[in-house]
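Peer 1: Just structure_29.csv, nothing more (CSV, C-alpha atoms):
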```csv
chain,number,residue,atom,x,y,z
A,1,MET,CA,60.5,60.8,-46.6
A,2,ALA,CA,62.4,59.4,-43.7
A,3,TYR,CA,62.3,55.6,-43.0
A,4,ILE,CA,60.4,56.1,-39.7
A,5,ASN,CA,57.7,58.5,-38.7
A,6,LEU,CA,59.6,61.5,-37.6
A,7,PRO,CA,58.2,64.9,-36.5
A,8,GLU,CA,57.6,66.9,-39.7
A,9,GLY,CA,59.7,69.7,-41.2
A,10,LEU,CA,62.8,69.2,-39.0
A,11,PRO,CA,66.1,69.1,-41.1
A,12,GLY,CA,68.7,66.4,-40.7
A,13,ILE,CA,69.5,65.1,-37.2
A,14,ARG,CA,66.8,67.3,-35.6
A,15,GLY,CA,64.0,64.9,-36.6
A,16,PRO,CA,65.6,61.8,-34.9
A,17,MET,CA,66.5,64.0,-31.9
A,18,ALA,CA,62.9,65.1,-31.5
A,19,PHE,CA,61.7,61.5,-32.0
A,20,ARG,CA,64.0,60.2,-29.2
A,21,PRO,CA,65.0,62.9,-26.7
A,22,GLU,CA,66.6,60.3,-24.4
A,23,THR,CA,69.4,59.6,-26.9
A,24,ALA,CA,69.5,63.3,-28.1
A,25,LYS,CA,70.7,64.3,-24.6
A,26,PRO,CA,74.1,62.4,-24.5
A,27,LEU,CA,74.6,63.1,-28.3
A,28,ASN,CA,74.3,66.8,-27.8
A,29,GLU,CA,76.5,66.7,-24.7
A,30,LEU,CA,79.2,64.9,-26.6
A,31,ALA,CA,79.1,67.5,-29.4
A,32,GLU,CA,79.3,70.3,-26.8
A,33,VAL,CA,82.3,68.8,-25.0
A,34,LEU,CA,84.1,67.9,-28.3
A,35,LEU,CA,83.4,71.0,-30.3
A,36,ARG,CA,82.8,73.9,-28.0
A,37,THR,CA,84.4,73.5,-24.5
A,38,ASP,CA,87.8,74.9,-23.8
A,39,ASN,CA,90.5,73.3,-25.9
A,40,SER,CA,93.9,74.2,-27.5
A,41,LEU,CA,92.2,73.5,-30.8
A,42,THR,CA,90.0,76.4,-31.8
A,43,ARG,CA,86.2,75.8,-32.3
A,44,GLY,CA,86.8,76.6,-36.0
A,45,GLU,CA,89.4,73.9,-36.3
A,46,ARG,CA,87.3,71.3,-34.5
A,47,GLU,CA,84.2,72.1,-36.7
A,48,LEU,CA,86.5,71.8,-39.7
A,49,ILE,CA,87.5,68.3,-38.7
A,50,ALA,CA,83.8,67.4,-38.2
A,51,THR,CA,83.0,69.0,-41.6
A,52,TYR,CA,85.8,67.1,-43.4
A,53,VAL,CA,84.8,63.7,-42.0
A,54,SER,CA,81.2,64.4,-42.9
A,55,SER,CA,82.2,65.1,-46.4
A,56,LEU,CA,84.2,61.9,-46.6
A,57,ASN,CA,81.0,60.1,-45.4
A,58,ASP,CA,79.1,62.0,-48.1
A,59,CYS,CA,76.6,63.3,-45.5
A,60,PHE,CA,75.0,66.4,-47.1
A,61,PHE,CA,73.3,67.7,-43.9
A,62,CYS,CA,76.3,67.3,-41.6
A,63,GLN,CA,79.0,68.6,-43.9
A,64,ASN,CA,76.9,71.7,-44.6
A,65,SER,CA,75.6,72.4,-41.1
A,66,HIS,CA,79.1,72.0,-39.6
A,67,GLY,CA,80.6,73.7,-42.6
A,68,GLY,CA,78.3,76.6,-41.9
A,69,ILE,CA,79.5,76.8,-38.3
A,70,ALA,CA,83.2,76.4,-39.3
A,71,GLN,CA,83.0,79.2,-41.8
A,72,HIS,CA,81.4,81.4,-39.1
A,73,TYR,CA,84.2,80.7,-36.6
A,74,LEU,CA,87.0,80.9,-39.2
A,75,GLN,CA,85.5,84.0,-40.8
A,76,CYS,CA,85.8,82.6,-44.3
A,77,ASP,CA,83.3,81.6,-46.9
A,78,MET,CA,81.9,78.2,-47.9
A,79,LYS,CA,84.2,78.2,-51.0
A,80,TYR,CA,87.2,78.0,-48.6
A,81,ILE,CA,85.5,75.2,-46.7
A,82,ASP,CA,85.0,73.4,-50.0
A,83,GLU,CA,88.7,73.8,-50.8
A,84,VAL,CA,89.7,72.2,-47.5
A,85,LYS,CA,87.2,69.3,-48.1
A,86,LYS,CA,88.5,68.8,-51.6
A,87,ASP,CA,92.2,68.9,-50.9
A,88,PHE,CA,93.3,70.2,-47.5
A,89,GLU,CA,97.0,69.6,-48.3
A,90,ALA,CA,96.8,72.3,-51.0
A,91,THR,CA,95.4,75.0,-48.7
A,92,GLN,CA,97.2,77.3,-46.3
A,93,ILE,CA,96.0,75.7,-43.1
A,94,PRO,CA,98.7,75.1,-40.5
A,95,ALA,CA,100.8,71.9,-40.7
A,96,LYS,CA,99.4,70.7,-37.3
A,97,LEU,CA,95.9,70.9,-38.6
A,98,LYS,CA,96.9,69.1,-41.8
A,99,GLY,CA,98.4,66.3,-39.6
A,100,LEU,CA,95.2,66.1,-37.6
A,101,LEU,CA,93.0,66.1,-40.7
A,102,SER,CA,95.1,63.2,-42.1
A,103,ILE,CA,94.4,61.2,-39.0
A,104,ALA,CA,90.7,62.0,-39.2
A,105,ALA,CA,90.6,60.8,-42.8
A,106,SER,CA,92.1,57.4,-41.6
A,107,VAL,CA,89.6,57.1,-38.7
A,108,GLN,CA,86.8,57.7,-41.3
A,109,LYS,CA,87.9,54.6,-43.1
A,110,GLY,CA,88.3,52.6,-39.9
A,111,GLY,CA,90.3,52.8,-36.7
A,112,LYS,CA,93.0,50.5,-37.9
A,113,HIS,CA,93.8,52.7,-40.8
A,114,VAL,CA,95.6,55.2,-38.5
A,115,THR,CA,99.3,54.7,-38.8
A,116,PRO,CA,102.2,55.4,-36.4
A,117,GLU,CA,103.7,57.6,-39.1
A,118,GLN,CA,100.6,59.8,-39.2
A,119,ILE,CA,100.8,60.1,-35.4
A,120,SER,CA,104.5,61.0,-35.5
A,121,LYS,CA,104.0,63.6,-38.2
A,122,ALA,CA,101.2,65.2,-36.3
A,123,LYS,CA,103.3,65.3,-33.1
A,124,GLU,CA,106.3,66.7,-35.0
A,125,SER,CA,104.0,69.5,-36.1
A,126,GLY,CA,103.1,70.3,-32.5
A,127,ALA,CA,100.0,68.2,-31.9
A,128,THR,CA,99.5,67.2,-28.3
A,129,ASP,CA,98.2,63.8,-27.0
A,130,ARG,CA,95.0,65.6,-26.1
A,131,GLU,CA,94.6,67.1,-29.5
A,132,ILE,CA,95.2,63.7,-31.2
A,133,HIS,CA,92.7,62.1,-28.8
A,134,ASP,CA,90.1,64.7,-29.6
A,135,THR,CA,90.7,64.5,-33.3
A,136,VAL,CA,90.2,60.7,-33.3
A,137,LEU,CA,87.0,61.0,-31.2
A,138,ILE,CA,85.6,63.9,-33.3
A,139,ALA,CA,86.2,61.9,-36.5
A,140,ALA,CA,84.7,58.7,-34.9
A,141,ALA,CA,81.7,60.7,-33.5
A,142,PHE,CA,80.9,62.1,-37.0
A,143,CYS,CA,81.1,58.6,-38.4
A,144,MET,CA,78.2,58.0,-36.0
A,145,PHE,CA,76.3,61.3,-36.6
A,146,ASN,CA,76.6,60.9,-40.4
A,147,ARG,CA,75.2,57.3,-40.2
A,148,TYR,CA,72.4,58.3,-37.9
A,149,VAL,CA,71.3,61.1,-40.2
A,150,ASP,CA,71.5,59.1,-43.5
A,151,GLY,CA,70.7,55.7,-42.1
A,152,LEU,CA,67.2,56.9,-41.2
A,153,GLY,CA,66.7,58.6,-44.5
A,154,THR,CA,66.2,62.1,-43.1
A,155,TRP,CA,65.5,65.2,-45.1
A,156,ALA,CA,67.9,68.1,-45.6
A,157,PRO,CA,67.4,71.6,-47.1
A,158,GLN,CA,69.4,71.7,-50.4
A,159,ASP,CA,70.0,75.5,-50.4
A,160,ARG,CA,73.5,76.0,-48.9
A,161,GLU,CA,72.7,79.5,-47.8
A,162,PHE,CA,70.4,77.9,-45.2
A,163,TYR,CA,73.4,76.5,-43.5
A,164,VAL,CA,75.5,79.7,-43.6
A,165,LYS,CA,72.7,81.5,-41.8
A,166,ARG,CA,72.2,78.7,-39.4
A,167,GLY,CA,75.9,78.4,-38.7
A,168,LYS,CA,76.0,81.8,-36.9
A,169,GLN,CA,73.0,80.9,-34.8
A,170,ARG,CA,74.4,77.5,-33.9
A,171,ALA,CA,77.7,79.0,-32.9
A,172,GLU,CA,76.0,81.3,-30.6
A,173,GLU,CA,73.6,78.8,-29.1
A,174,GLY,CA,75.8,75.8,-28.8
A,175,TYR,CA,74.7,72.2,-28.7
A,176,LEU,CA,73.1,72.1,-25.3
A,177,HIS,CA,70.3,74.6,-25.0
A,178,PHE,CA,68.5,75.2,-28.3
A,179,ASP,CA,65.0,74.7,-29.6
A,180,LEU,CA,64.9,71.8,-32.1
A,181,TYR,CA,62.0,73.5,-33.8
A,182,LYS,CA,63.8,76.9,-34.4
B,1,MET,CA,101.5,50.6,-27.1
B,2,ALA,CA,98.8,53.1,-27.7
B,3,TYR,CA,99.4,56.2,-29.9
B,4,ILE,CA,99.1,58.6,-27.0
B,5,ASN,CA,100.1,58.4,-23.4
B,6,LEU,CA,97.2,56.6,-21.8
B,7,PRO,CA,96.9,55.4,-18.1
B,8,GLU,CA,98.6,52.0,-18.0
B,9,GLY,CA,97.0,48.6,-17.9
B,10,LEU,CA,93.5,49.6,-18.8
B,11,PRO,CA,92.0,47.4,-21.7
B,12,GLY,CA,90.3,48.9,-24.8
B,13,ILE,CA,88.1,51.9,-24.3
B,14,ARG,CA,89.0,52.2,-20.6
B,15,GLY,CA,92.3,53.9,-21.3
B,16,PRO,CA,90.9,56.7,-23.4
B,17,MET,CA,88.0,57.1,-21.0
B,18,ALA,CA,90.4,57.5,-18.1
B,19,PHE,CA,92.5,59.9,-20.2
B,20,ARG,CA,89.5,62.1,-21.0
B,21,PRO,CA,86.7,61.8,-18.4
B,22,GLU,CA,84.8,64.8,-19.9
B,23,THR,CA,84.0,62.8,-23.1
B,24,ALA,CA,83.7,59.5,-21.2
B,25,LYS,CA,80.6,60.9,-19.5
B,26,PRO,CA,78.3,61.4,-22.5
B,27,LEU,CA,79.7,58.2,-24.2
B,28,ASN,CA,78.7,56.1,-21.2
B,29,GLU,CA,75.4,57.8,-20.9
B,30,LEU,CA,74.7,57.0,-24.6
B,31,ALA,CA,75.6,53.4,-24.0
B,32,GLU,CA,73.4,53.2,-21.0
B,33,VAL,CA,70.3,54.7,-22.8
B,34,LEU,CA,70.8,52.6,-25.9
B,35,LEU,CA,71.8,49.2,-24.4
B,36,ARG,CA,70.3,49.1,-20.9
B,37,THR,CA,67.2,51.3,-20.3
B,38,ASP,CA,63.7,50.0,-20.9
B,39,ASN,CA,63.1,48.9,-24.4
B,40,SER,CA,61.0,46.5,-26.4
B,41,LEU,CA,64.3,45.0,-27.6
B,42,THR,CA,65.9,43.0,-24.9
B,43,ARG,CA,69.3,43.9,-23.5
B,44,GLY,CA,70.7,40.7,-25.1
B,45,GLU,CA,69.3,41.7,-28.5
B,46,ARG,CA,70.8,45.2,-28.3
B,47,GLU,CA,74.2,43.9,-27.1
B,48,LEU,CA,74.1,41.4,-30.0
B,49,ILE,CA,73.6,44.3,-32.5
B,50,ALA,CA,76.5,46.1,-30.9
B,51,THR,CA,78.6,42.9,-31.1
B,52,TYR,CA,77.8,42.2,-34.7
B,53,VAL,CA,78.6,45.7,-35.9
B,54,SER,CA,81.9,45.6,-33.9
B,55,SER,CA,82.8,42.4,-35.6
B,56,LEU,CA,82.1,43.9,-39.0
B,57,ASN,CA,84.4,46.8,-38.0
B,58,ASP,CA,87.0,44.1,-36.9
B,59,CYS,CA,87.3,45.7,-33.4
B,60,PHE,CA,88.6,42.9,-31.2
B,61,PHE,CA,88.0,44.6,-27.9
B,62,CYS,CA,84.4,45.8,-28.6
B,63,GLN,CA,83.2,42.6,-30.3
B,64,ASN,CA,84.5,40.5,-27.4
B,65,SER,CA,83.5,42.8,-24.5
B,66,HIS,CA,79.9,43.3,-25.9
B,67,GLY,CA,79.9,39.6,-27.0
B,68,GLY,CA,80.6,38.7,-23.4
B,69,ILE,CA,77.7,40.8,-22.2
B,70,ALA,CA,75.4,39.5,-24.9
B,71,GLN,CA,76.2,35.8,-24.0
B,72,HIS,CA,75.5,36.6,-20.4
B,73,TYR,CA,72.1,38.1,-21.1
B,74,LEU,CA,71.2,35.5,-23.8
B,75,GLN,CA,72.4,32.6,-21.6
B,76,CYS,CA,74.4,31.1,-24.4
B,77,ASP,CA,78.1,30.6,-25.0
B,78,MET,CA,80.6,32.5,-27.1
B,79,LYS,CA,80.4,29.9,-29.8
B,80,TYR,CA,76.8,30.9,-30.4
B,81,ILE,CA,77.7,34.6,-30.5
B,82,ASP,CA,80.4,33.7,-33.1
B,83,GLU,CA,77.8,31.9,-35.2
B,84,VAL,CA,75.6,35.0,-35.2
B,85,LYS,CA,78.6,37.1,-36.2
B,86,LYS,CA,79.6,34.7,-39.0
B,87,ASP,CA,76.1,34.3,-40.6
B,88,PHE,CA,73.1,35.4,-38.6
B,89,GLU,CA,70.7,34.4,-41.3
B,90,ALA,CA,71.7,30.7,-40.7
B,91,THR,CA,70.9,30.9,-37.0
B,92,GLN,CA,67.6,30.4,-35.1
B,93,ILE,CA,67.2,34.1,-34.0
B,94,PRO,CA,63.8,35.6,-34.7
B,95,ALA,CA,63.0,37.1,-38.1
B,96,LYS,CA,62.6,40.6,-36.6
B,97,LEU,CA,66.1,40.5,-35.1
B,98,LYS,CA,67.4,39.2,-38.5
B,99,GLY,CA,65.8,42.2,-40.2
B,100,LEU,CA,67.4,44.6,-37.6
B,101,LEU,CA,70.8,43.0,-38.0
B,102,SER,CA,70.6,43.4,-41.7
B,103,ILE,CA,69.9,47.2,-41.3
B,104,ALA,CA,72.8,47.4,-38.8
B,105,ALA,CA,75.1,45.8,-41.4
B,106,SER,CA,74.2,48.5,-43.9
B,107,VAL,CA,74.7,51.3,-41.4
B,108,GLN,CA,78.2,49.9,-40.7
B,109,LYS,CA,79.0,50.4,-44.4
B,110,GLY,CA,77.5,53.9,-44.4
B,111,GLY,CA,74.1,55.5,-43.7
B,112,LYS,CA,73.1,55.5,-47.4
B,113,HIS,CA,73.5,51.8,-47.7
B,114,VAL,CA,70.2,51.2,-45.8
B,115,THR,CA,67.5,50.5,-48.3
B,116,PRO,CA,63.7,51.0,-48.2
B,117,GLU,CA,63.4,47.2,-48.8
B,118,GLN,CA,65.4,46.4,-45.7
B,119,ILE,CA,63.2,48.8,-43.7
B,120,SER,CA,60.0,47.2,-45.1
B,121,LYS,CA,61.2,43.7,-44.4
B,122,ALA,CA,62.0,44.6,-40.8
B,123,LYS,CA,58.6,46.3,-40.3
B,124,GLU,CA,56.8,43.3,-41.8
B,125,SER,CA,58.6,41.1,-39.2
B,126,GLY,CA,57.2,43.3,-36.5
B,127,ALA,CA,59.9,45.9,-36.0
B,128,THR,CA,58.6,49.3,-34.7
B,129,ASP,CA,59.8,52.7,-35.7
B,130,ARG,CA,61.5,53.0,-32.3
B,131,GLU,CA,63.2,49.7,-32.7
B,132,ILE,CA,64.5,50.7,-36.1
B,133,HIS,CA,65.6,54.0,-34.8
B,134,ASP,CA,67.5,52.4,-31.9
B,135,THR,CA,69.1,49.8,-34.2
B,136,VAL,CA,70.4,52.5,-36.6
B,137,LEU,CA,71.8,54.5,-33.6
B,138,ILE,CA,73.3,51.4,-31.9
B,139,ALA,CA,75.0,50.5,-35.2
B,140,ALA,CA,76.2,54.1,-35.8
B,141,ALA,CA,77.4,54.4,-32.2
B,142,PHE,CA,79.5,51.3,-32.5
B,143,CYS,CA,81.0,52.7,-35.7
B,144,MET,CA,82.2,55.4,-33.3
B,145,PHE,CA,83.3,53.3,-30.4
B,146,ASN,CA,85.2,50.9,-32.6
B,147,ARG,CA,87.0,53.7,-34.3
B,148,TYR,CA,87.8,55.3,-31.0
B,149,VAL,CA,89.3,52.1,-29.6
B,150,ASP,CA,91.3,51.2,-32.7
B,151,GLY,CA,92.1,54.7,-33.9
B,152,LEU,CA,94.1,55.3,-30.7
B,153,GLY,CA,95.9,51.9,-30.9
B,154,THR,CA,94.6,50.7,-27.5
B,155,TRP,CA,95.6,47.4,-26.0
B,156,ALA,CA,93.1,44.5,-25.5
B,157,PRO,CA,93.5,41.2,-23.6
B,158,GLN,CA,93.6,38.3,-26.1
B,159,ASP,CA,92.1,35.7,-23.8
B,160,ARG,CA,88.4,35.5,-24.7
B,161,GLU,CA,87.7,34.1,-21.2
B,162,PHE,CA,88.5,37.5,-19.8
B,163,TYR,CA,85.5,38.9,-21.7
B,164,VAL,CA,83.1,36.1,-20.6
B,165,LYS,CA,83.9,36.8,-16.9
B,166,ARG,CA,83.8,40.6,-17.5
B,167,GLY,CA,80.4,40.3,-19.3
B,168,LYS,CA,78.6,39.2,-16.2
B,169,GLN,CA,80.1,42.0,-14.1
B,170,ARG,CA,79.3,44.6,-16.8
B,171,ALA,CA,75.8,43.4,-17.1
B,172,GLU,CA,75.3,43.9,-13.4
B,173,GLU,CA,77.1,47.3,-13.1
B,174,GLY,CA,75.8,48.9,-16.3
B,175,TYR,CA,77.6,51.8,-18.1
B,176,LEU,CA,77.1,54.6,-15.7
B,177,HIS,CA,78.5,53.7,-12.3
B,178,PHE,CA,81.6,51.6,-12.5
B,179,ASP,CA,85.3,51.9,-11.7
B,180,LEU,CA,87.4,52.1,-14.8
B,181,TYR,CA,90.2,50.5,-12.9
B,182,LYS,CA,88.3,47.3,-11.8
```
Could you show the structure in this file as structure tokens?
Peer 2:
Amino acid sequence: MAYINLPEGLPGIRGPMAFRPETAKPLNELAEVLLRTDNSLTRGERELIATYVSSLNDCFFCQNSHGGIAQHYLQCDMKYIDEVKKDFEATQIPAKLKGLLSIAASVQKGGKHVTPEQISKAKESGATDREIHDTVLIAAAFCMFNRYVDGLGTWAPQDREFYVKRGKQRAEEGYLHFDLYK
Amino acid sequence: MAYINLPEGLPGIRGPMAFRPETAKPLNELAEVLLRTDNSLTRGERELIATYVSSLNDCFFCQNSHGGIAQHYLQCDMKYIDEVKKDFEATQIPAKLKGLLSIAASVQKGGKHVTPEQISKAKESGATDREIHDTVLIAAAFCMFNRYVDGLGTWAPQDREFYVKRGKQRAEEGYLHFDLYK
């Protein structure tokens, strides 16, 4: 049971969002701009960064809900998402994305953990200033979302298939116009 | 020098906000709702939570800019803000605020660090569900803002008087309608 009296039956972040719609609005707008609007990073790549940071923060709900969206966009399965989370360097993802995931991992530890070497390496692999900016902010934002979800002791479905099905729906609906109760 | 090519001369978060106005918008809206709109926690108390979390994250810009705003609202000096940051339990702040700062400190470490005992203690001191919710989200949001500011290697004025003067201005202007360049 959550630490505060949240509307019943809503998984993860949906409970706190229904509890406090005033803060849900800018939170969803931030997710929409960062993860869905036009960008040289694909939606799948951005969801993968969100998923990876959420796994580093050990947030079950966020890593699975965004993992479900990522696997939908990337047309892969959850096993592949798990491989990226476990050791992205060992996967076949492009060098630029590896560089960005490395920066995201440092941001998860704390802003000062990012090094000039990591930035140079990402730039050498083709990352633009805008892509680096968005990676840092996606990673930072998920350090917020993950803490929000777990800090209030919210409930999350344990069946990972739930998130695979939900991923497709969320990818179609986006973060702005959806029914918290569906 | 920042890790990416930001507009020159803007301190802290202002550089990245000028670089990417699309994300600045929901970030500022979130700050406005959490720190300024009507709430049973005073603006000073909320800015103090933000300041404390920023000090735990060792973010010079955020702990001083929000410390400057907090000292303006609380009508105290920066020395008092420093005492709260150093050891809030030893200060004369109310028991409820101590309970909320304790929760904020756990959120800073990670969402799962919040304990049922901390929540009970805060509730026994009079904290409402809404106040606990907002404390968790303020703490989580500053884990984002701090990482955003430091993860991009932004520049911050080292003279703390800068932040005392700016605090009054920011308290009057709020987070929605201000000129990033002033």
Peer 1: Kindly indicate which residue among A:Thr23, A:Ser55, A:Gln63, A:Ser102 lies nearest to chain B, using only C-alpha atoms for the distances.
Peer 2: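 Checking each candidate against chain B, we get A:Thr23 as the closest.
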Peer 1: Can you build me a table of chain A residues sitting at most 8 Å from chain B, with the closest atom pair per residue and its distance in Å to one decimal, using all atoms listed in the file, sorted by chain and residue number, as a Markdown table?
Peer 2:
```
| residue | atom | partner | partner_atom | distance |
| --- | --- | --- | --- | --- |
| A:Tyr3 | CA | B:Ile119 | CA | 6.9 |
| A:Ile4 | CA | B:Asp129 | CA | 5.3 |
| A:Asn5 | CA | B:Asp129 | CA | 6.9 |
| A:Pro16 | CA | B:His133 | CA | 7.8 |
| A:Glu22 | CA | B:Val33 | CA | 6.9 |
| A:Thr23 | CA | B:Leu30 | CA | 6.3 |
| A:Pro26 | CA | B:Pro26 | CA | 4.8 |
| A:Leu27 | CA | B:Pro26 | CA | 7.1 |
| A:Glu29 | CA | B:Pro26 | CA | 6.0 |
| A:Leu30 | CA | B:Pro26 | CA | 5.5 |
| A:Val33 | CA | B:Thr23 | CA | 6.5 |
| A:Leu34 | CA | B:Thr23 | CA | 7.3 |
| A:Asn57 | CA | B:Gly110 | CA | 7.2 |
| A:Val107 | CA | B:Gly151 | CA | 5.9 |
| A:Gly110 | CA | B:Arg147 | CA | 5.9 |
| A:Gly111 | CA | B:Gly151 | CA | 3.8 |
| A:Lys112 | CA | B:Asp150 | CA | 5.5 |
| A:His113 | CA | B:Gly151 | CA | 7.4 |
| A:Val114 | CA | B:Gly151 | CA | 5.8 |
| A:Pro116 | CA | B:Tyr3 | CA | 7.1 |
| A:Ile119 | CA | B:Tyr3 | CA | 6.9 |
| A:Asp129 | CA | B:Ile4 | CA | 5.3 |
| A:Ile132 | CA | B:Ile4 | CA | 7.7 |
| A:His133 | CA | B:Leu152 | CA | 7.2 |
| A:Val136 | CA | B:Gly151 | CA | 6.3 |
| A:Leu137 | CA | B:Tyr148 | CA | 5.8 |
| A:Ala140 | CA | B:Met144 | CA | 4.4 |
| A:Ala141 | CA | B:Met144 | CA | 5.3 |
| A:Phe142 | CA | B:Met144 | CA | 7.8 |
| A:Cys143 | CA | B:Met144 | CA | 6.1 |
| A:Met144 | CA | B:Ala140 | CA | 4.4 |
| A:Phe145 | CA | B:Ala140 | CA | 7.2 |
| A:Asn146 | CA | B:Gly111 | CA | 6.8 |
| A:Arg147 | CA | B:Gly111 | CA | 4.1 |
| A:Tyr148 | CA | B:Leu137 | CA | 5.8 |
| A:Val149 | CA | B:Gly111 | CA | 7.2 |
| A:Asp150 | CA | B:Gly111 | CA | 4.4 |
| A:Gly151 | CA | B:Gly111 | CA | 3.8 |
| A:Leu152 | CA | B:Val136 | CA | 7.1 |
| A:Gly153 | CA | B:Lys112 | CA | 7.7 |
```
Peer 1: Give me, please, the distance in Å between atom CA of B:Asp87 and atom CA of B:Ala156, quoted to one decimal.
Peer 2: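 Spanning atom CA of B:Asp87 to atom CA of B:Ala156 is a straight-line distance of 24.9 Å.
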Peer 1: Atom CA of A:Gly67 to atom CA of A:Thr154: how many Å, to one decimal?
Peer 2: 18.5 Å
Peer 1: Rank B:Arg46, B:His66, B:Arg170, B:Lys79 by their smallest atom-to-atom distance to B:Leu101, using all atoms listed in the file, and report the top residue only.
Peer 2: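 Going through B:Arg46, B:His66, B:Arg170, B:Lys79 one by one, the smallest distance to B:Leu101 is for B:Arg46.
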Peer 1: Atom CA of A:Ile49 and atom CA of A:Phe61, how far apart in Å?
Peer 2: 15.1 Å
Peer 1: Nearest residue to A:Ala171 out of A:Ser65, A:Gln158, A:Thr91, A:Ser125, using all atoms listed in the file?
Peer 2: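 Distance minimum relative to A:Ala171 lands on A:Ser65.
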Peer 1: What's around B:Val164 at 9 Å? Count only C-alpha atoms, leave out sequence neighbours fewer than 4 positions away in its own chain, and write the answer as an NGL selection string.
Peer 2: :B and (64-65 or 67-69 or 71-72 or 77-78 or 160 or 168)
Peer 1: Just want the 10 Å neighbourhood of B:Phe88, counted on only C-alpha atoms, with same-chain residues fewer than 2 positions away dropped. Output as a VMD selection string.
Peer 2: chain B and resid 52 81 to 86 90 to 93 97 to 98 101 to 102
Peer 1: Determine the nearest neighbour of B:Cys62 from the options B:Glu117, B:Glu47, B:Glu173, B:Glu161, counting all atoms listed in the file.
Peer 2: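 Residue with the minimum atom-to-atom distance to B:Cys62: B:Glu47.
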Peer 1: Give the answer as one residue: which of A:Pro7, A:Ala105, A:Lys121, A:Pro21 has the shortest atom-to-atom distance to A:Thr51, using all atoms listed in the file?
Peer 2: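 Among the listed residues, A:Ala105 lies closest to A:Thr51.
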Peer 1: Pick from B:Met1, B:Ala70, B:Val53, B:Met17: nearest to B:Tyr163, with only C-alpha atoms counted?
Peer 2: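 Closest to B:Tyr163 of all the choices is B:Ala70.
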